[in-house]
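Below is the file target-v7.pdb, which contains PDB, C-alpha atoms, pLDDT in the B column.
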```
ATOM      1  CA  MET H   1       0.000   0.000   0.000  1.00 47.00           C
ATOM      2  CA  HIS H   2       2.817   2.369   0.882  1.00 53.00           C
ATOM      3  CA  THR H   3       4.518   1.834  -2.475  1.00 60.00           C
ATOM      4  CA  ASN H   4       1.226   2.443  -4.278  1.00 70.00           C
ATOM      5  CA  ASN H   5       0.786   5.738  -2.406  1.00 72.00           C
ATOM      6  CA  GLN H   6       4.373   6.627  -3.265  1.00 78.00           C
ATOM      7  CA  HIS H   7       3.725   5.832  -6.931  1.00 86.00           C
ATOM      8  CA  ILE H   8       0.564   7.987  -6.936  1.00 85.00           C
ATOM      9  CA  SER H   9       2.473  10.830  -5.249  1.00 86.00           C
ATOM     10  CA  GLN H  10       5.161  10.667  -7.928  1.00 90.00           C
ATOM     11  CA  LEU H  11       2.513  10.655 -10.656  1.00 90.00           C
ATOM     12  CA  LEU H  12       0.806  13.672  -9.072  1.00 90.00           C
ATOM     13  CA  GLN H  13       4.118  15.556  -9.028  1.00 90.00           C
ATOM     14  CA  ARG H  14       4.554  14.760 -12.709  1.00 91.00           C
ATOM     15  CA  CYS H  15       0.965  15.930 -13.358  1.00 89.00           C
ATOM     16  CA  ASN H  16       1.806  19.226 -11.659  1.00 87.00           C
ATOM     17  CA  ASN H  17       4.659  19.539 -14.138  1.00 87.00           C
ATOM     18  CA  GLY H  18       2.156  19.146 -16.993  1.00 86.00           C
ATOM     19  CA  GLU H  19       3.050  15.607 -18.054  1.00 89.00           C
ATOM     20  CA  GLN H  20       0.049  14.166 -19.888  1.00 92.00           C
ATOM     21  CA  SER H  21       1.374  10.619 -19.613  1.00 93.00           C
ATOM     22  CA  ALA H  22       1.193  10.940 -15.815  1.00 92.00           C
ATOM     23  CA  GLN H  23      -2.373  12.210 -16.071  1.00 92.00           C
ATOM     24  CA  PHE H  24      -3.254   9.187 -18.170  1.00 93.00           C
ATOM     25  CA  GLU H  25      -1.666   6.870 -15.588  1.00 94.00           C
ATOM     26  CA  ILE H  26      -3.701   8.511 -12.809  1.00 93.00           C
ATOM     27  CA  TYR H  27      -6.811   8.168 -14.951  1.00 94.00           C
ATOM     28  CA  LYS H  28      -6.140   4.448 -15.499  1.00 93.00           C
ATOM     29  CA  CYS H  29      -5.717   3.924 -11.740  1.00 92.00           C
ATOM     30  CA  TYR H  30      -9.022   5.546 -10.770  1.00 93.00           C
ATOM     31  CA  TYR H  31     -11.458   5.682 -13.684  1.00 94.00           C
ATOM     32  CA  LYS H  32     -13.377   2.466 -12.921  1.00 93.00           C
ATOM     33  CA  ALA H  33     -13.988   3.355  -9.288  1.00 92.00           C
ATOM     34  CA  MET H  34     -14.998   6.922 -10.137  1.00 94.00           C
ATOM     35  CA  TYR H  35     -17.311   5.774 -12.925  1.00 94.00           C
ATOM     36  CA  ASN H  36     -18.990   3.286 -10.570  1.00 92.00           C
ATOM     37  CA  THR H  37     -19.418   5.984  -7.926  1.00 91.00           C
ATOM     38  CA  ALA H  38     -21.097   8.310 -10.431  1.00 93.00           C
ATOM     39  CA  LEU H  39     -23.222   5.484 -11.827  1.00 91.00           C
ATOM     40  CA  ARG H  40     -24.536   4.528  -8.379  1.00 88.00           C
ATOM     41  CA  ILE H  41     -25.725   8.090  -7.865  1.00 89.00           C
ATOM     42  CA  LEU H  42     -26.901   8.999 -11.371  1.00 90.00           C
ATOM     43  CA  LYS H  43     -28.196   5.590 -12.515  1.00 87.00           C
ATOM     44  CA  ASP H  44     -27.362   6.510 -16.109  1.00 89.00           C
ATOM     45  CA  LYS H  45     -24.285   5.175 -17.910  1.00 93.00           C
ATOM     46  CA  PHE H  46     -23.839   8.148 -20.230  1.00 94.00           C
ATOM     47  CA  GLU H  47     -24.240  10.754 -17.495  1.00 93.00           C
ATOM     48  CA  ALA H  48     -21.896   8.787 -15.236  1.00 93.00           C
ATOM     49  CA  GLU H  49     -19.280   8.704 -17.985  1.00 95.00           C
ATOM     50  CA  ASP H  50     -19.614  12.476 -18.545  1.00 94.00           C
ATOM     51  CA  ILE H  51     -19.419  13.267 -14.833  1.00 94.00           C
ATOM     52  CA  MET H  52     -16.421  10.993 -14.408  1.00 95.00           C
ATOM     53  CA  GLN H  53     -14.609  12.741 -17.290  1.00 95.00           C
ATOM     54  CA  GLU H  54     -15.517  16.199 -15.949  1.00 95.00           C
ATOM     55  CA  SER H  55     -14.307  15.196 -12.498  1.00 95.00           C
ATOM     56  CA  PHE H  56     -10.900  14.164 -13.792  1.00 95.00           C
ATOM     57  CA  LEU H  57     -10.636  17.402 -15.736  1.00 93.00           C
ATOM     58  CA  THR H  58     -11.540  19.388 -12.619  1.00 94.00           C
ATOM     59  CA  ALA H  59      -9.075  17.407 -10.514  1.00 93.00           C
ATOM     60  CA  PHE H  60      -6.231  17.988 -12.963  1.00 92.00           C
ATOM     61  CA  LEU H  61      -7.044  21.685 -13.251  1.00 90.00           C
ATOM     62  CA  LYS H  62      -7.227  22.099  -9.464  1.00 90.00           C
ATOM     63  CA  LEU H  63      -4.424  19.724  -8.573  1.00 89.00           C
ATOM     64  CA  GLY H  64      -2.585  22.609  -6.944  1.00 85.00           C
ATOM     65  CA  THR H  65      -5.324  22.810  -4.294  1.00 86.00           C
ATOM     66  CA  PHE H  66      -5.009  19.135  -3.322  1.00 84.00           C
ATOM     67  CA  ARG H  67      -3.405  18.705   0.081  1.00 75.00           C
ATOM     68  CA  SER H  68      -2.278  15.215   0.994  1.00 66.00           C
ATOM     69  CA  LYS H  69      -2.197  16.171   4.674  1.00 59.00           C
ATOM     70  CA  SER H  70      -5.483  16.494   6.527  1.00 50.00           C
ATOM     71  CA  LYS H  71      -6.250  19.999   7.735  1.00 52.00           C
ATOM     72  CA  PHE H  72      -7.350  18.405  11.019  1.00 46.00           C
ATOM     73  CA  GLY H  73      -3.913  16.875  11.534  1.00 48.00           C
ATOM     74  CA  ASN H  74      -5.219  13.314  11.739  1.00 49.00           C
ATOM     75  CA  GLY H  75      -3.364  11.669   8.867  1.00 51.00           C
ATOM     76  CA  ASN H  76      -3.137  11.747   5.119  1.00 61.00           C
ATOM     77  CA  VAL H  77      -5.905  12.358   2.628  1.00 67.00           C
ATOM     78  CA  PRO H  78      -5.526   9.992  -0.316  1.00 84.00           C
ATOM     79  CA  PHE H  79      -5.848  11.471  -3.793  1.00 88.00           C
ATOM     80  CA  GLY H  80      -8.573   8.899  -4.532  1.00 89.00           C
ATOM     81  CA  ALA H  81     -10.712  10.191  -1.656  1.00 87.00           C
ATOM     82  CA  TRP H  82     -10.326  13.763  -2.891  1.00 90.00           C
ATOM     83  CA  LEU H  83     -11.216  12.712  -6.429  1.00 93.00           C
ATOM     84  CA  LYS H  84     -14.210  10.703  -5.195  1.00 91.00           C
ATOM     85  CA  ARG H  85     -15.498  13.777  -3.354  1.00 90.00           C
ATOM     86  CA  ILE H  86     -15.335  15.714  -6.641  1.00 93.00           C
ATOM     87  CA  VAL H  87     -17.236  12.907  -8.433  1.00 94.00           C
ATOM     88  CA  ILE H  88     -19.915  12.770  -5.729  1.00 91.00           C
ATOM     89  CA  ASN H  89     -20.396  16.536  -5.685  1.00 90.00           C
ATOM     90  CA  LYS H  90     -20.626  16.732  -9.477  1.00 93.00           C
ATOM     91  CA  SER H  91     -23.051  13.785  -9.549  1.00 91.00           C
ATOM     92  CA  LEU H  92     -25.306  15.373  -6.942  1.00 88.00           C
ATOM     93  CA  THR H  93     -25.196  18.681  -8.805  1.00 88.00           C
ATOM     94  CA  GLN H  94     -26.213  16.849 -11.988  1.00 89.00           C
ATOM     95  CA  LEU H  95     -29.135  15.185 -10.176  1.00 84.00           C
ATOM     96  CA  LYS H  96     -30.308  18.535  -8.862  1.00 81.00           C
ATOM     97  CA  LYS H  97     -29.891  20.099 -12.292  1.00 83.00           C
ATOM     98  CA  ASN H  98     -32.054  17.358 -13.780  1.00 77.00           C
ATOM     99  CA  LYS H  99     -34.508  17.744 -10.885  1.00 72.00           C
ATOM    100  CA  ARG H 100     -34.235  14.024 -10.204  1.00 60.00           C
ATOM    101  CA  LEU H 101     -33.199  14.412  -6.571  1.00 56.00           C
ATOM    102  CA  GLU H 102     -36.219  14.629  -4.331  1.00 56.00           C
ATOM    103  CA  GLN H 103     -35.970  17.603  -2.066  1.00 53.00           C
ATOM    104  CA  TRP H 104     -34.846  16.915   1.476  1.00 51.00           C
ATOM    105  CA  ASN H 105     -37.794  18.163   3.445  1.00 46.00           C
ATOM    106  CA  GLU H 106     -37.036  18.952   7.078  1.00 42.00           C
ATOM    107  CA  ASN H 107     -40.609  20.109   7.660  1.00 41.00           C
ATOM    108  CA  SER H 108     -41.933  16.630   6.933  1.00 38.00           C
ATOM    109  CA  LEU H 109     -40.046  15.173   9.874  1.00 36.00           C
ATOM    110  CA  SER H 110     -41.340  14.882  13.369  1.00 34.00           C
ATOM    111  CA  MET H 111     -39.259  13.773  16.306  1.00 31.00           C
ATOM    112  CA  ASN H 112     -41.475  10.776  17.087  1.00 29.00           C
ATOM    113  CA  LEU H 113     -40.935   9.283  13.610  1.00 31.00           C
ATOM    114  CA  ILE H 114     -37.180   9.005  13.886  1.00 34.00           C
ATOM    115  CA  ASP H 115     -36.165   5.362  13.703  1.00 39.00           C
ATOM    116  CA  ARG H 116     -33.153   4.222  15.653  1.00 36.00           C
ATOM    117  CA  THR H 117     -31.383   1.527  13.703  1.00 42.00           C
ATOM    118  CA  ASP H 118     -29.707  -1.425  15.324  1.00 44.00           C
ATOM    119  CA  GLU H 119     -26.069  -2.076  14.452  1.00 44.00           C
ATOM    120  CA  SER H 120     -26.884  -5.779  13.982  1.00 46.00           C
ATOM    121  CA  GLU H 121     -28.952  -4.980  10.882  1.00 49.00           C
ATOM    122  CA  SER H 122     -25.956  -5.650   8.665  1.00 50.00           C
ATOM    123  CA  ASP H 123     -26.221  -9.363   9.558  1.00 51.00           C
ATOM    124  CA  ALA H 124     -29.485  -9.582   7.639  1.00 51.00           C
ATOM    125  CA  PHE H 125     -27.801  -8.248   4.507  1.00 53.00           C
ATOM    126  CA  ASN H 126     -24.729 -10.491   4.760  1.00 54.00           C
ATOM    127  CA  THR H 127     -26.541 -13.486   3.271  1.00 54.00           C
ATOM    128  CA  LEU H 128     -27.698 -11.598   0.178  1.00 64.00           C
ATOM    129  CA  LYS H 129     -25.711 -11.286  -3.022  1.00 74.00           C
ATOM    130  CA  VAL H 130     -24.077  -7.919  -3.556  1.00 76.00           C
ATOM    131  CA  GLU H 131     -25.592  -7.534  -7.032  1.00 80.00           C
ATOM    132  CA  LYS H 132     -29.091  -8.031  -5.636  1.00 84.00           C
ATOM    133  CA  ILE H 133     -28.528  -5.355  -2.996  1.00 83.00           C
ATOM    134  CA  LEU H 134     -27.050  -2.909  -5.532  1.00 84.00           C
ATOM    135  CA  ASP H 135     -29.971  -3.489  -7.910  1.00 86.00           C
ATOM    136  CA  ALA H 136     -32.419  -2.918  -5.066  1.00 88.00           C
ATOM    137  CA  ILE H 137     -30.662   0.332  -4.106  1.00 88.00           C
ATOM    138  CA  LYS H 138     -30.836   1.509  -7.736  1.00 86.00           C
ATOM    139  CA  GLY H 139     -34.583   0.898  -7.702  1.00 89.00           C
ATOM    140  CA  LEU H 140     -35.240   3.152  -4.704  1.00 89.00           C
ATOM    141  CA  LYS H 141     -36.206   6.800  -5.049  1.00 90.00           C
ATOM    142  CA  SER H 142     -33.174   8.972  -5.617  1.00 87.00           C
ATOM    143  CA  ASN H 143     -32.744  10.495  -2.151  1.00 89.00           C
ATOM    144  CA  TYR H 144     -32.805   6.995  -0.599  1.00 90.00           C
ATOM    145  CA  SER H 145     -30.473   5.648  -3.270  1.00 90.00           C
ATOM    146  CA  VAL H 146     -28.013   8.502  -2.826  1.00 90.00           C
ATOM    147  CA  ILE H 147     -27.894   8.329   0.959  1.00 91.00           C
ATOM    148  CA  LEU H 148     -27.518   4.538   0.972  1.00 90.00           C
ATOM    149  CA  SER H 149     -24.748   4.734  -1.626  1.00 88.00           C
ATOM    150  CA  LEU H 150     -22.891   7.356   0.381  1.00 89.00           C
ATOM    151  CA  SER H 151     -23.274   5.433   3.636  1.00 88.00           C
ATOM    152  CA  LEU H 152     -23.119   1.750   2.767  1.00 85.00           C
ATOM    153  CA  ILE H 153     -21.041   1.729  -0.412  1.00 84.00           C
ATOM    154  CA  GLU H 154     -18.801   4.784  -0.204  1.00 84.00           C
ATOM    155  CA  GLY H 155     -18.366   4.460   3.577  1.00 83.00           C
ATOM    156  CA  PHE H 156     -19.094   8.041   4.580  1.00 86.00           C
ATOM    157  CA  ASP H 157     -20.285   8.582   8.143  1.00 86.00           C
ATOM    158  CA  ASN H 158     -23.356  10.667   9.000  1.00 87.00           C
ATOM    159  CA  GLU H 159     -21.356  13.857   9.587  1.00 87.00           C
ATOM    160  CA  GLU H 160     -19.685  13.570   6.176  1.00 86.00           C
ATOM    161  CA  ILE H 161     -23.047  12.884   4.507  1.00 87.00           C
ATOM    162  CA  GLU H 162     -24.455  15.929   6.296  1.00 86.00           C
ATOM    163  CA  LYS H 163     -21.744  18.106   4.723  1.00 83.00           C
ATOM    164  CA  ILE H 164     -21.985  16.519   1.270  1.00 84.00           C
ATOM    165  CA  LEU H 165     -25.781  16.806   1.044  1.00 85.00           C
ATOM    166  CA  GLN H 166     -25.938  20.045   3.040  1.00 84.00           C
ATOM    167  CA  ILE H 167     -28.675  18.789   5.356  1.00 86.00           C
ATOM    168  CA  ASN H 168     -28.754  18.522   9.137  1.00 89.00           C
ATOM    169  CA  ASN H 169     -27.692  15.418  11.069  1.00 87.00           C
ATOM    170  CA  GLN H 170     -31.234  14.596  12.191  1.00 91.00           C
ATOM    171  CA  LEU H 171     -32.370  14.525   8.580  1.00 91.00           C
ATOM    172  CA  VAL H 172     -29.414  12.336   7.604  1.00 90.00           C
ATOM    173  CA  ARG H 173     -30.226   9.833  10.366  1.00 92.00           C
ATOM    174  CA  THR H 174     -33.936   9.796   9.593  1.00 92.00           C
ATOM    175  CA  THR H 175     -33.540   9.506   5.820  1.00 91.00           C
ATOM    176  CA  LEU H 176     -30.877   6.822   6.202  1.00 92.00           C
ATOM    177  CA  SER H 177     -33.088   4.878   8.585  1.00 92.00           C
ATOM    178  CA  ARG H 178     -36.078   5.125   6.272  1.00 93.00           C
ATOM    179  CA  ALA H 179     -33.946   4.178   3.260  1.00 91.00           C
ATOM    180  CA  LYS H 180     -32.617   1.097   5.075  1.00 91.00           C
ATOM    181  CA  LYS H 181     -36.142   0.156   6.102  1.00 91.00           C
ATOM    182  CA  LYS H 182     -37.336   0.495   2.496  1.00 92.00           C
ATOM    183  CA  LEU H 183     -34.343  -1.492   1.258  1.00 90.00           C
ATOM    184  CA  ARG H 184     -35.101  -4.260   3.759  1.00 88.00           C
ATOM    185  CA  SER H 185     -38.701  -4.362   2.582  1.00 90.00           C
ATOM    186  CA  VAL H 186     -37.661  -4.500  -1.092  1.00 89.00           C
ATOM    187  CA  LEU H 187     -35.229  -7.313  -0.317  1.00 86.00           C
ATOM    188  CA  ASN H 188     -37.727  -9.080   1.978  1.00 84.00           C
ATOM    189  CA  VAL H 189     -35.258  -8.978   4.871  1.00 76.00           C
ATOM    190  CA  LYS H 190     -36.464  -8.546   8.438  1.00 66.00           C
TER
END
```

What is this file in structure tokens?
Amino acid sequence: MHTNNQHISQLLQRCNNGEQSAQFEIYKCYYKAMYNTALRILKDKFEAEDIMQESFLTAFLKLGTFRSKSKFGNGNVPFGAWLKRIVINKSLTQLKKNKRLEQWNENSLSMNLIDRTDESESDAFNTLKVEKILDAIKGLKSNYSVILSLSLIEGFDNEEIEKILQINNQLVRTTLSRAKKKLRSVLNVK
């Protein structure tokens, strides 16, 4: 892992020097993962491809702003994580532009409807095939699909999702809980 990070760092230095071959190497390392991230959010192959390409272009143009050290002093920020954040933000912007992302409605929430999810719920999903779960997530309405993708697939915690989607933590927890409940019902998992 360390040598891979070293290799990526060397490629990024070469990219900063304007070497297109280094940019192509970076692209080859990350394009599949970034395409899949965009596809999970957008649910459209052509849009995902466009967003992925735009994200790489943005990353290469703004490479000077990438900081491998966390501003919170708690370790390194991998280039892939920074690039994925660009892909997610561009994908969400595209959804909003297409008006396919249901509005997050704080007024529709009431405190007594908030579901508290049990950490053992992942056991129910362990026996299912990954493809079946991913297909079920794709079939959910977009705000459920997006929040489940960010949480379960991309691994963001609630605070990160709150910042990405620009909604409050209560709304993240409630929407995530409802999305998981809907996913369980679609998959016939108790």

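Going from atom CA of H:Asn89 to atom CA of H:Ser185 covers 29.0 Å.
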
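Here atom CA of H:Ala38 is placed at a distance of 17.6 Å from atom CA of H:Ile26.
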
Would you compute, for all listed atoms of stretch 142-145 of chain H, the axis-aligned bounding box grown by 5 Å on each side, and then report its centre and edge lengths in Å rounded to one decimal, as lines of an AutoDock Vina configuration file?
```
center_x = -31.8
center_y = 8.1
center_z = -3.1
size_x = 12.7
size_y = 14.8
size_z = 15.0
```

With a distance cut-off of 10 Å and only C-alpha atoms, select the neighbouring residues of H:Glu160, excluding the residue or stretch itself and same-chain residues fewer than 6 positions from it, and output the selection as a compact mmCIF listing (two decimals) with C-alpha atoms, in the coordinates of the input.
```
# COMPACT_ATOMS: atom_id res chain seq x y z
CA LEU H 150 -22.89 7.36 0.38
CA SER H 151 -23.27 5.43 3.64
CA GLN H 166 -25.94 20.05 3.04
CA ASN H 169 -27.69 15.42 11.07
CA VAL H 172 -29.41 12.34 7.60
```

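Using all atoms listed in the file, the shortest contact distance between H:Phe56 and any of H:Gln170, H:Ser149, H:Gln23, H:Gln94 is found at H:Gln23.
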
Neighbouring residues of H:Asp44 were defined as those with any atom within 12 Å, considering only C-alpha atoms; residues of the same chain fewer than 3 positions away were excluded. Please report them as a ChimeraX atom specification. /H:35-41,47-52,91,94-95,100,138

Selection to disk with C-alpha atoms, as a PDB file, in the coordinates of the input:
```pdb
ATOM      1  CA  TYR H  35     -17.311   5.774 -12.925  1.00 94.00           C
ATOM      2  CA  ASN H  36     -18.990   3.286 -10.570  1.00 92.00           C
ATOM      3  CA  THR H  37     -19.418   5.984  -7.926  1.00 91.00           C
ATOM      4  CA  ALA H  38     -21.097   8.310 -10.431  1.00 93.00           C
ATOM      5  CA  LEU H  39     -23.222   5.484 -11.827  1.00 91.00           C
ATOM      6  CA  ARG H  40     -24.536   4.528  -8.379  1.00 88.00           C
ATOM      7  CA  ILE H  41     -25.725   8.090  -7.865  1.00 89.00           C
ATOM      8  CA  GLU H  47     -24.240  10.754 -17.495  1.00 93.00           C
ATOM      9  CA  ALA H  48     -21.896   8.787 -15.236  1.00 93.00           C
ATOM     10  CA  GLU H  49     -19.280   8.704 -17.985  1.00 95.00           C
ATOM     11  CA  ASP H  50     -19.614  12.476 -18.545  1.00 94.00           C
ATOM     12  CA  ILE H  51     -19.419  13.267 -14.833  1.00 94.00           C
ATOM     13  CA  MET H  52     -16.421  10.993 -14.408  1.00 95.00           C
ATOM     14  CA  SER H  91     -23.051  13.785  -9.549  1.00 91.00           C
ATOM     15  CA  GLN H  94     -26.213  16.849 -11.988  1.00 89.00           C
ATOM     16  CA  LEU H  95     -29.135  15.185 -10.176  1.00 84.00           C
ATOM     17  CA  ARG H 100     -34.235  14.024 -10.204  1.00 60.00           C
ATOM     18  CA  LYS H 138     -30.836   1.509  -7.736  1.00 86.00           C
TER      19      LYS H 138
END
```

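Of note, atom CA of H:Gly139 and atom CA of H:Leu83 are spaced 26.2 Å apart.
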
H:Gln10 proximity check over H:Lys32, H:Thr174, H:Phe79, H:Leu165, using only C-alpha atoms: winner is H:Phe79

For H:Trp82, find every residue with an atom within 10 Å (counting all atoms listed in the file), except residues of its own chain fewer than 3 positions away, and show them as an NGL selection string. :H and (59 or 66-68 or 77-79 or 85-87)

Go ahead and find all residues with at least one atom no further than 12 Å from (-23.4, 3.0, 3.7) in the file's coordinates, using all atoms listed in the file; report them as a PDB file with C-alpha atoms, in the coordinates of the input.
```
ATOM      1  CA  SER H 122     -25.956  -5.650   8.665  1.00 50.00           C
ATOM      2  CA  ILE H 133     -28.528  -5.355  -2.996  1.00 83.00           C
ATOM      3  CA  LEU H 134     -27.050  -2.909  -5.532  1.00 84.00           C
ATOM      4  CA  ILE H 137     -30.662   0.332  -4.106  1.00 88.00           C
ATOM      5  CA  TYR H 144     -32.805   6.995  -0.599  1.00 90.00           C
ATOM      6  CA  SER H 145     -30.473   5.648  -3.270  1.00 90.00           C
ATOM      7  CA  VAL H 146     -28.013   8.502  -2.826  1.00 90.00           C
ATOM      8  CA  ILE H 147     -27.894   8.329   0.959  1.00 91.00           C
ATOM      9  CA  LEU H 148     -27.518   4.538   0.972  1.00 90.00           C
ATOM     10  CA  SER H 149     -24.748   4.734  -1.626  1.00 88.00           C
ATOM     11  CA  LEU H 150     -22.891   7.356   0.381  1.00 89.00           C
ATOM     12  CA  SER H 151     -23.274   5.433   3.636  1.00 88.00           C
ATOM     13  CA  LEU H 152     -23.119   1.750   2.767  1.00 85.00           C
ATOM     14  CA  ILE H 153     -21.041   1.729  -0.412  1.00 84.00           C
ATOM     15  CA  GLU H 154     -18.801   4.784  -0.204  1.00 84.00           C
ATOM     16  CA  GLY H 155     -18.366   4.460   3.577  1.00 83.00           C
ATOM     17  CA  PHE H 156     -19.094   8.041   4.580  1.00 86.00           C
ATOM     18  CA  ASP H 157     -20.285   8.582   8.143  1.00 86.00           C
ATOM     19  CA  ASN H 158     -23.356  10.667   9.000  1.00 87.00           C
ATOM     20  CA  GLU H 160     -19.685  13.570   6.176  1.00 86.00           C
ATOM     21  CA  ILE H 161     -23.047  12.884   4.507  1.00 87.00           C
ATOM     22  CA  VAL H 172     -29.414  12.336   7.604  1.00 90.00           C
ATOM     23  CA  ARG H 173     -30.226   9.833  10.366  1.00 92.00           C
ATOM     24  CA  LEU H 176     -30.877   6.822   6.202  1.00 92.00           C
ATOM     25  CA  SER H 177     -33.088   4.878   8.585  1.00 92.00           C
ATOM     26  CA  ALA H 179     -33.946   4.178   3.260  1.00 91.00           C
ATOM     27  CA  LYS H 180     -32.617   1.097   5.075  1.00 91.00           C
TER      28      LYS H 180
END
```

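Closest approach to H:Leu140 among H:Lys84, H:Lys43, H:Lys90, H:Lys99 is made by H:Lys43 (distances from only C-alpha atoms).
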
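Counting all atoms listed in the file and comparing H:Arg184, H:Gly64, H:Ile88, H:Val130, the residue that lies closest to H:Ala33 is H:Ile88.
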
Please identify all polymer residues within 9 Å of H:Asn16, counting only C-alpha atoms, omitting same-chain residues fewer than 5 positions from it, and present them as a PyMOL selection string. chain H and resi 11+60+63-64

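Nearest residue to H:Tyr30 among H:Leu42, H:Asn17, H:Lys62, H:Ala81 is H:Ala81, counting all atoms listed in the file.
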